[in-house]
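Engineer: For reference, this is upload-v2.cif, and it has mmCIF, C-alpha atoms and all ligand atoms.
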data_work
#
loop_
_atom_site.label_atom_id
_atom_site.label_comp_id
_atom_site.auth_asym_id
_atom_site.auth_seq_id
_atom_site.Cartn_x
_atom_site.Cartn_y
_atom_site.Cartn_z
CA MET A 1 -4.03 -19.54 15.74
CA LYS A 2 -6.11 -18.83 12.65
CA ALA A 3 -4.37 -17.64 9.48
CA LEU A 4 -5.32 -17.05 5.86
CA VAL A 5 -2.96 -19.21 3.83
CA TYR A 6 -2.20 -18.87 0.12
CA LEU A 7 -2.51 -22.24 -1.58
CA GLY A 8 -1.32 -21.16 -5.02
CA SER A 9 -3.23 -20.52 -8.25
CA GLY A 10 -5.70 -18.01 -6.89
CA SER A 11 -6.95 -19.87 -3.84
CA VAL A 12 -6.74 -19.21 -0.10
CA GLU A 13 -8.01 -21.00 2.96
CA ILE A 14 -8.18 -20.38 6.68
CA ARG A 15 -5.85 -22.85 8.35
CA GLU A 16 -4.80 -23.53 11.88
CA ARG A 17 -1.19 -22.38 12.25
CA GLN A 18 1.29 -22.72 15.04
CA PHE A 19 1.39 -19.72 17.37
CA PRO A 20 4.49 -17.69 16.39
CA ASP A 21 7.08 -17.57 19.16
CA ILE A 22 9.68 -15.01 20.04
CA ALA A 23 12.81 -16.68 18.75
CA ARG A 24 15.35 -13.83 18.63
CA ARG A 25 16.33 -11.34 21.30
CA ASP A 26 14.96 -8.44 19.20
CA ASP A 27 11.66 -10.09 18.21
CA VAL A 28 8.31 -8.45 18.87
CA LEU A 29 5.08 -10.45 19.07
CA VAL A 30 2.17 -8.39 17.72
CA ARG A 31 -1.49 -9.26 18.19
CA VAL A 32 -2.95 -8.16 14.88
CA THR A 33 -5.97 -5.84 15.00
CA GLY A 34 -6.51 -5.62 11.28
CA THR A 35 -4.84 -5.66 7.88
CA GLY A 36 -5.70 -3.61 4.82
CA VAL A 37 -6.29 -5.58 1.62
CA CYS A 38 -3.68 -4.37 -0.85
CA GLY A 39 -3.90 -4.33 -4.63
CA THR A 40 -0.90 -6.67 -4.45
CA ASP A 41 -2.93 -9.24 -2.47
CA ARG A 42 -5.56 -9.04 -5.14
CA LYS A 43 -2.98 -9.55 -7.90
CA ILE A 44 -1.49 -12.53 -6.03
CA LEU A 45 -4.94 -14.13 -5.95
CA LEU A 46 -5.48 -13.37 -9.62
CA GLY A 47 -2.13 -14.99 -10.46
CA ARG A 48 -0.64 -11.68 -11.59
CA PHE A 49 1.99 -11.35 -8.86
CA PRO A 50 4.13 -14.20 -7.56
CA ALA A 51 3.85 -15.41 -3.95
CA ARG A 52 5.04 -18.55 -2.18
CA PRO A 53 2.31 -21.20 -1.82
CA GLY A 54 1.82 -21.98 1.87
CA VAL A 55 2.53 -18.42 3.00
CA VAL A 56 0.17 -16.45 5.25
CA LEU A 57 -0.89 -13.42 3.19
CA GLY A 58 -1.33 -9.82 4.43
CA HIS A 59 1.11 -6.99 5.08
CA GLU A 60 -0.67 -3.65 5.77
CA ALA A 61 -1.17 -4.37 9.44
CA VAL A 62 -1.70 -2.62 12.72
CA GLY A 63 -1.90 -4.26 16.09
CA VAL A 64 -0.89 -4.27 19.71
CA VAL A 65 2.41 -5.49 21.14
CA GLU A 66 1.83 -8.66 23.15
CA ALA A 67 5.40 -9.54 24.16
CA THR A 68 8.97 -8.56 23.36
CA GLY A 69 12.39 -10.20 23.32
CA PRO A 70 14.93 -9.14 26.01
CA ASP A 71 16.83 -6.70 23.73
CA VAL A 72 13.77 -4.73 22.55
CA THR A 73 13.79 -1.08 23.71
CA THR A 74 11.54 0.97 21.37
CA VAL A 75 8.20 -0.77 21.95
CA ARG A 76 6.56 -2.33 25.00
CA PRO A 77 3.63 -4.66 25.59
CA ALA A 78 0.29 -2.85 25.03
CA ASP A 79 1.85 -0.34 22.59
CA ARG A 80 -0.14 0.14 19.40
CA VAL A 81 2.09 -0.40 16.41
CA VAL A 82 2.03 -0.43 12.65
CA VAL A 83 3.98 -3.17 10.90
CA ASN A 84 6.67 -2.16 8.42
CA PRO A 85 6.52 -5.21 6.14
CA THR A 86 9.45 -4.28 3.88
CA LEU A 87 12.21 -6.16 5.67
CA PHE A 88 15.84 -5.49 4.81
CA CYS A 89 19.23 -6.70 6.02
CA GLY A 90 20.90 -3.33 6.58
CA GLY A 91 24.31 -4.57 5.44
CA CYS A 92 24.26 -5.14 1.67
CA PRO A 93 25.37 -2.39 -0.78
CA PRO A 94 21.83 -1.08 -1.57
CA CYS A 95 20.93 -1.07 2.16
CA ARG A 96 24.14 0.80 3.02
CA ARG A 97 23.30 3.56 0.56
CA GLY A 98 19.77 3.81 1.99
CA ALA A 99 17.95 1.96 -0.79
CA THR A 100 16.61 -0.62 1.66
CA ASN A 101 13.67 -1.39 -0.63
CA PHE A 102 16.18 -2.95 -3.01
CA CYS A 103 17.93 -5.03 -0.36
CA GLN A 104 19.78 -7.93 -1.97
CA HIS A 105 18.62 -10.35 0.71
CA LYS A 106 14.87 -9.94 0.31
CA ARG A 107 14.24 -13.53 -0.61
CA GLY A 108 12.11 -15.09 2.11
CA THR A 109 11.66 -11.77 3.92
CA GLU A 110 8.70 -10.14 2.18
CA VAL A 111 5.89 -10.19 4.70
CA GLY A 112 2.71 -11.68 3.23
CA VAL A 113 4.47 -12.69 0.00
CA ASP A 114 7.21 -15.17 0.87
CA ARG A 115 7.36 -14.73 4.68
CA ASP A 116 4.26 -15.32 6.83
CA GLY A 117 2.06 -12.24 6.91
CA THR A 118 -0.64 -10.64 8.98
CA TYR A 119 -4.00 -12.12 7.95
CA ALA A 120 -3.61 -14.01 11.19
CA ASP A 121 -4.14 -13.55 14.90
CA TYR A 122 -0.44 -12.88 15.59
CA VAL A 123 2.78 -12.06 13.80
CA VAL A 124 6.40 -11.93 15.00
CA LEU A 125 8.82 -9.40 13.55
CA PRO A 126 12.19 -7.92 14.49
CA GLU A 127 11.84 -4.73 16.52
CA ARG A 128 12.94 -2.38 13.74
CA PHE A 129 9.92 -3.43 11.65
CA THR A 130 7.36 -2.37 14.23
CA GLU A 131 6.70 1.36 14.55
CA ARG A 132 4.94 2.72 17.61
CA LEU A 133 1.90 4.85 16.79
CA PRO A 134 1.56 8.37 18.17
CA GLU A 135 -0.92 8.93 20.99
CA GLY A 136 -4.44 9.32 19.64
CA MET A 137 -3.81 7.87 16.19
CA ARG A 138 -6.90 6.02 15.13
CA PHE A 139 -6.92 2.48 13.80
CA ARG A 140 -8.32 3.51 10.43
CA GLN A 141 -5.58 6.11 9.98
CA ALA A 142 -2.84 3.74 11.05
CA VAL A 143 -3.93 0.96 8.70
CA LEU A 144 -3.08 3.25 5.75
CA VAL A 145 0.47 4.08 6.88
CA GLU A 146 2.13 1.38 4.77
CA PRO A 147 0.45 2.34 1.48
CA LEU A 148 1.11 5.97 2.37
CA ALA A 149 4.82 5.18 2.74
CA CYS A 150 4.81 3.68 -0.78
CA VAL A 151 3.07 6.76 -2.12
CA LEU A 152 5.47 9.16 -0.37
CA ASN A 153 8.44 7.39 -1.88
CA ASN A 154 6.97 7.61 -5.38
CA VAL A 155 5.94 11.25 -5.07
CA LEU A 156 9.46 12.04 -3.83
CA ALA A 157 10.90 10.18 -6.83
CA ALA A 158 8.79 12.33 -9.19
CA ASP A 159 10.23 15.49 -7.63
CA VAL A 160 6.83 17.26 -7.84
CA SER A 161 7.19 21.04 -7.66
CA PHE A 162 4.84 24.00 -7.19
CA GLY A 163 4.42 24.67 -10.90
CA ASP A 164 3.47 21.13 -11.82
CA THR A 165 0.15 19.79 -12.93
CA VAL A 166 -0.04 16.16 -11.84
CA ALA A 167 -2.25 13.48 -13.36
CA VAL A 168 -2.99 10.35 -11.34
CA LEU A 169 -4.25 7.34 -13.30
CA GLY A 170 -6.41 5.16 -11.06
CA ALA A 171 -8.39 6.26 -8.00
CA GLY A 172 -8.06 3.24 -5.75
CA PRO A 173 -6.54 3.85 -2.32
CA ILE A 174 -3.03 4.26 -3.80
CA GLY A 175 -4.31 6.68 -6.47
CA VAL A 176 -6.23 8.77 -3.94
CA LEU A 177 -3.25 8.82 -1.53
CA THR A 178 -0.97 9.83 -4.41
CA GLY A 179 -3.32 12.68 -5.31
CA LEU A 180 -3.53 13.85 -1.68
CA VAL A 181 0.26 13.80 -1.17
CA ALA A 182 1.02 15.40 -4.57
CA ALA A 183 -1.58 18.12 -3.87
CA ARG A 184 0.45 19.33 -0.91
CA ARG A 185 2.90 20.65 -3.47
CA ALA A 186 1.51 20.58 -7.01
CA ARG A 187 -0.35 23.40 -8.71
CA ARG A 188 -3.15 21.10 -9.76
CA VAL A 189 -4.04 17.41 -9.48
CA VAL A 190 -6.20 15.65 -12.07
CA VAL A 191 -7.43 12.17 -11.16
CA VAL A 192 -8.44 9.70 -13.89
CA GLU A 193 -10.60 6.66 -13.12
CA SER A 194 -13.02 4.49 -15.07
CA ASP A 195 -14.67 2.33 -12.39
CA PRO A 196 -18.03 3.96 -11.47
CA TYR A 197 -17.69 3.36 -7.69
CA ARG A 198 -14.17 4.74 -7.52
CA LEU A 199 -15.00 7.59 -9.87
CA ALA A 200 -17.72 8.70 -7.46
CA THR A 201 -15.41 8.55 -4.42
CA ALA A 202 -12.67 10.44 -6.31
CA LYS A 203 -15.15 13.21 -7.09
CA ALA A 204 -15.78 13.61 -3.38
CA ALA A 205 -12.05 14.05 -2.70
CA PHE A 206 -10.72 16.05 -5.67
CA THR A 207 -11.77 19.06 -7.75
CA HIS A 208 -10.51 17.72 -11.06
CA VAL A 209 -11.67 14.19 -11.83
CA VAL A 210 -11.87 12.69 -15.31
CA ASP A 211 -13.75 9.56 -16.42
CA GLY A 212 -11.08 7.41 -18.04
CA GLY A 213 -13.51 4.82 -19.39
CA GLY A 214 -14.15 4.52 -23.10
CA ALA A 215 -12.21 6.82 -25.42
CA ASP A 216 -8.66 8.02 -24.74
CA PRO A 217 -9.11 10.65 -22.02
CA THR A 218 -6.04 12.71 -23.04
CA ASP A 219 -8.10 15.67 -24.29
CA THR A 220 -10.25 15.76 -21.15
CA VAL A 221 -7.18 15.60 -18.91
CA VAL A 222 -5.53 18.41 -20.87
CA ALA A 223 -8.73 20.46 -20.60
CA ALA A 224 -8.79 19.87 -16.83
CA GLY A 225 -5.20 21.17 -16.76
CA ASP A 226 -6.17 24.48 -18.40
CA GLY A 227 -5.02 23.32 -21.81
CA GLN A 228 -1.65 22.05 -20.56
CA ARG A 229 -0.42 18.48 -20.47
CA PRO A 230 0.55 17.30 -16.99
CA GLU A 231 4.24 17.54 -16.13
CA VAL A 232 3.95 14.46 -13.94
CA VAL A 233 1.80 11.36 -14.51
CA PHE A 234 1.50 8.57 -11.92
CA ASP A 235 0.21 5.25 -13.20
CA THR A 236 -1.20 3.68 -10.06
CA THR A 237 -3.00 0.93 -11.99
CA GLY A 238 0.17 -0.89 -13.01
CA THR A 239 -1.27 -1.31 -16.50
CA ALA A 240 -1.35 2.18 -18.02
CA VAL A 241 2.25 3.30 -18.58
CA GLU A 242 1.60 3.50 -22.31
CA ARG A 243 -1.32 5.87 -21.73
CA ALA A 244 0.79 7.86 -19.26
CA LEU A 245 3.56 8.30 -21.84
CA ARG A 246 1.05 9.63 -24.39
CA LEU A 247 -0.36 12.03 -21.81
CA VAL A 248 2.70 13.58 -20.18
CA ALA A 249 4.10 16.97 -21.23
CA ASP A 250 7.45 17.21 -22.99
CA GLY A 251 10.17 17.24 -20.37
CA GLY A 252 7.85 15.51 -17.90
CA ARG A 253 8.05 12.49 -15.63
CA VAL A 254 6.03 9.28 -15.69
CA VAL A 255 6.06 7.18 -12.53
CA GLY A 256 5.04 3.53 -12.82
CA MET A 257 3.34 2.26 -9.66
CA GLY A 258 1.30 -0.85 -9.06
CA PHE A 259 2.55 -4.41 -9.43
CA ASP A 260 1.22 -6.46 -12.31
CA ALA A 261 3.55 -9.02 -13.85
CA THR A 262 1.18 -9.69 -16.77
CA TYR A 263 1.22 -6.17 -18.24
CA SER A 264 3.78 -5.26 -20.86
CA THR A 265 3.96 -2.59 -23.52
CA LEU A 266 6.07 -1.83 -26.56
CA MET A 267 7.99 1.39 -26.32
CA THR A 268 10.02 3.43 -28.77
CA PRO A 269 12.95 4.69 -26.69
CA MET A 270 13.38 7.62 -29.09
CA TYR A 271 9.99 8.86 -27.87
CA LEU A 272 11.61 9.40 -24.46
CA THR A 273 14.68 11.00 -26.03
CA SER A 274 12.86 13.35 -28.37
CA HIS A 275 10.28 14.43 -25.78
CA GLY A 276 12.66 14.54 -22.82
CA ILE A 277 10.47 12.22 -20.78
CA SER A 278 11.75 10.41 -17.69
CA LEU A 279 10.19 7.04 -16.96
CA ILE A 280 10.59 6.34 -13.25
CA GLY A 281 10.18 3.22 -11.16
CA ALA A 282 10.65 3.83 -7.43
CA GLY A 283 9.44 0.58 -5.87
CA ASP A 284 7.79 0.55 -2.49
CA TYR A 285 9.70 2.65 0.07
CA ARG A 286 13.00 3.20 1.77
CA ALA A 287 13.01 2.57 5.50
CA ASP A 288 13.56 6.24 6.34
CA VAL A 289 10.23 7.14 4.72
CA PHE A 290 8.17 4.92 7.03
CA PRO A 291 8.23 7.13 10.18
CA VAL A 292 7.47 10.13 7.95
CA ALA A 293 4.35 8.30 6.75
CA VAL A 294 3.31 7.68 10.37
CA ASP A 295 3.42 11.44 10.98
CA LEU A 296 1.78 12.39 7.70
CA ALA A 297 -1.07 9.96 8.34
CA ARG A 298 -2.32 12.42 10.96
CA GLU A 299 -2.47 15.27 8.45
CA LEU A 300 -4.48 13.59 5.68
CA PRO A 301 -8.16 12.58 5.54
CA LEU A 302 -7.46 8.86 5.62
CA GLU A 303 -10.28 7.42 7.68
CA SER A 304 -12.88 7.91 4.97
CA LEU A 305 -10.81 5.69 2.67
CA VAL A 306 -11.54 2.64 4.82
CA THR A 307 -14.99 1.75 3.50
CA HIS A 308 -15.36 -1.88 4.61
CA GLU A 309 -14.20 -4.22 7.37
CA PHE A 310 -14.65 -7.98 7.56
CA PRO A 311 -13.55 -10.63 10.03
CA LEU A 312 -10.94 -13.12 8.80
CA GLU A 313 -13.62 -15.76 8.17
CA ARG A 314 -15.29 -13.50 5.62
CA HIS A 315 -12.20 -12.96 3.47
CA GLN A 316 -14.11 -13.99 0.34
CA ASP A 317 -16.56 -11.12 0.91
CA ALA A 318 -13.60 -8.77 1.38
CA PHE A 319 -11.90 -9.79 -1.86
CA GLY A 320 -15.26 -9.88 -3.64
CA LEU A 321 -15.55 -6.10 -3.37
CA LEU A 322 -12.28 -5.57 -5.24
CA ALA A 323 -13.12 -6.14 -8.89
CA TRP A 324 -12.91 -9.86 -8.40
CA ARG A 325 -13.19 -11.87 -11.61
CA GLU A 326 -14.23 -8.88 -13.74
CA ALA A 327 -16.97 -7.48 -11.49
CA GLY A 328 -16.50 -3.77 -10.71
CA TYR A 329 -15.17 -2.30 -7.48
CA GLY A 330 -17.49 -1.91 -4.51
CA ALA A 331 -14.99 -0.52 -2.03
CA MET A 332 -11.96 1.66 -1.45
CA LYS A 333 -9.76 0.23 1.30
CA VAL A 334 -11.09 -3.03 2.70
CA VAL A 335 -9.73 -4.15 6.05
CA ILE A 336 -9.67 -7.74 7.26
CA ARG A 337 -10.00 -7.79 11.03
CA SER A 338 -8.08 -10.36 12.99
CA ASP A 339 -9.75 -8.93 16.08
CA PRO A 340 -13.45 -8.69 15.24
CA ALA A 341 -14.42 -6.98 18.53
CA PRO A 342 -16.73 -4.00 17.92
CA VAL A 343 -14.89 -0.75 17.33
CA GLY A 344 -15.21 2.07 19.85
CA ALA A 345 -15.33 5.82 19.36
CA ASP A 346 -11.54 6.01 19.06
CA GLY A 347 -11.58 3.54 16.22
CA TRP A 348 -9.98 0.68 18.18
CA PRO A 349 -11.68 -2.48 19.39
CA ALA A 350 -12.52 -2.62 23.06
CA SER A 351 -10.00 -5.42 23.56
CA ASP A 352 -7.17 -3.14 22.37
CA ARG A 353 -7.73 -0.48 25.00
ZN ZN A 401 0.39 -3.11 0.11
ZN ZN A 402 20.17 -5.47 2.39
#
Would you mind writing the file out in structure tokens?

Structural biologist:
Amino acid sequence: MKALVYLGSGSVEIRERQFPDIARRDDVLVRVTGTGVCGTDRKILLGRFPARPGVVLGHEAVGVVEATGPDVTTVRPADRVVVNPTLFCGGCPPCRRGATNFCQHKRGTEVGVDRDGTYADYVVLPERFTERLPEGMRFRQAVLVEPLACVLNNVLAADVSFGDTVAVLGAGPIGVLTGLVAARRARRVVVVESDPYRLATAKAAFTHVVDGGGADPTDTVVAAGDGQRPEVVFDTTGTAVERALRLVADGGRVVGMGFDATYSTLMTPMYLTSHGISLIGAGDYRADVFPVAVDLARELPLESLVTHEFPLERHQDAFGLLAWREAGYGAMKVVIRSDPAPVGADGWPASDR
């Protein structure tokens, strides 16, 4: 089968890979329909997030079950599924207290990072990491379930309440999803973005949008919050925690999202103490959040976030739209299609019906 393989130091190539076989009794073979390009994929290619050379990239995948091992009971061939790429063992201390995203045995299990991922025709995963999609869920909704699960976990960690004004730094897919989820509870959501393309799309989705380019936007954000600093600030860029700390109200919460190993900042811990600020890192998501994200995906306007789709062979065009080598963004969520059949009215390729 075809697969997009990470060669190290920012380069990828389509290689012929061995067809993955069902090896365990609980394995599920999924024919991949498409995979969303994640900010993490982009950072892997830019050398700002570590991945294992030789691995097949891709983790935000939906597809159709092709075959199952003899012990599989929750999915059947022809079921449409979304892949839960955050594998965990279920037995270590963090897993036993529910913090499966901090499983101690993650090494070699992170799909599309150090275990073969989904920019490929097929992928094999244990049953508990494939989630059947509800009847009628469209492909372009389903492909955002995994990022939505990350967002849910981080919004939960921020404990957003009805009185809160929330600022979201960055209006990529994660920023927009964070704004949409937070808005189900918060009093007001202010989105901050500097990229012209993403600024324009944010303005279509939110009432309060601030241009974060140029000067420090703190005053504009405060003005958008009726003169109040936000009680909660999400940094979805992975590189703006310092700005978030300057922006947040006394007693507020800053949530660091986004994965960028090259960003660091100096911090005066007394600033947290004297202003009563909580700095929160919540990681991706606990396993129990994933089925919630599947349900919530039906309630949010997700389809419009998928702005571009490319077949596997055109991966360079896909990555090229995502601020590649200092060009600006030209897309929101880009999907790489393993199955390039034309999409029908229900959003699925003819071959998946
Ligand atoms: Zn992702
Ligand atoms: Zn574990």

Engineer: With only C-alpha atoms as the counted atoms, please give the residues lying no more than 7 Å from Val306 in chain A, apart from itself and same-chain residues fewer than 4 positions off, as a PyMOL selection string.

Structural biologist: chain A and resi 140+332-334

Engineer: Mind listing as a count of residues only all residues within 8 Å of (-12.9, 14.4, -11.5), counting all atoms listed in the file?

Structural biologist: 12

Engineer: Which residues are near range 237-247 of chain A? Cut-off 9 Å, all atoms listed in the file, ignore same chain within fewer than 6 positions. Put them as a PyMOL selection string.

Structural biologist: chain A and resi 167+169-172+174-175+216-219+221-222+229-230+253-267+271-272+277+279

Engineer: Applying 10 Å and all atoms listed in the file, which residues near range 335-342 of chain A remain after dropping the ones on its own chain fewer than 4 positions away? List them as a PyMOL selection string.

Structural biologist: chain A and resi 2-3+31-38+58+60-63+118-122+140+143-144+306-315+317-319+347-352

Engineer: Within 12 Å of Leu180 in chain A, counting all atoms listed in the file, which residues show up once you throw out same-chain ones fewer than 4 positions away? Write them as a PyMOL selection string, please.

Structural biologist: chain A and resi 148+151-152+155+166-168+171+173-176+184-186+188-191+202+205-207+296-297+299-302+305

Engineer: Write out as CSV the residues of chain A that have any atom within 6 Å of an atom of ligand ZN 402 (chain A), one row each with the nearest atom pair and its distance in Å to one decimal, counting all atoms listed in the file, sorted by chain and then rising number.

Structural biologist:
residue,atom,partner,partner_atom,distance
A:Phe88,CA,A:ZN402,ZN,5.0
A:Cys89,CA,A:ZN402,ZN,3.9
A:Gly90,CA,A:ZN402,ZN,4.8
A:Gly91,CA,A:ZN402,ZN,5.2
A:Cys92,CA,A:ZN402,ZN,4.2
A:Cys95,CA,A:ZN402,ZN,4.5
A:Cys103,CA,A:ZN402,ZN,3.6
A:Gln104,CA,A:ZN402,ZN,5.0
A:His105,CA,A:ZN402,ZN,5.4

Engineer: Can you tell me which residues surround Asp295 in chain A at a distance of at most 12 Å, considering only C-alpha atoms, apart from same-chain residues fewer than 2 positions away, and format the answer as a list in words?

Structural biologist: Glu131, Arg132, Leu133, Pro134, Glu135, Gly136, Met137, Gln141, Ala142, Leu144, Val145, Glu146, Leu148, Ala149, Leu152, Val289, Phe290, Pro291, Val292, Ala293, Ala297, Arg298, Glu299 and Leu300 of chain A

Engineer: Rounded to one decimal in Å, what is the spacing between CA of Gly179 in chain A and CA of Ser278 in chain A?

Structural biologist: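 CA of Ser278 in chain A lies 19.6 Å from CA of Gly179 in chain A.
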
Engineer: Please indicate the distance in Å from CA of Ile280 in chain A to CA of Ile44 in chain A, rounded to one decimal place.

Structural biologist: 23.5 Å

Engineer: Go through A:Thr109, A:Thr73, A:Thr201, A:Thr236 and flag the residue nearest Cys150 in chain A, using only C-alpha atoms for the distances.

Structural biologist: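 The closest residue to Cys150 in chain A is A:Thr236.
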
Engineer: Have a look at CA of Arg80 in chain A and CA of Phe139 in chain A and let me know their distance in Å, one decimal.

Structural biologist: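 Going from CA of Arg80 in chain A over to CA of Phe139 in chain A covers 9.1 Å.
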
Engineer: Return the single residue from A:Glu127, A:Asp79, A:Glu13, A:Glu110 that is closest to ligand ZN 401 (chain A), with distances computed using all atoms listed in the file.

Structural biologist: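 Of A:Glu127, A:Asp79, A:Glu13, A:Glu110, the one nearest ligand ZN 401 (chain A) is A:Glu110, counting all atoms listed in the file.
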
Engineer: Find, counting all atoms listed in the file, the residue in A:Leu45, A:Val55, A:Leu125, A:Ala223 that gets nearest to Gly69 in chain A.

Structural biologist: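 The shortest atom-to-atom distance to Gly69 in chain A comes from A:Leu125.
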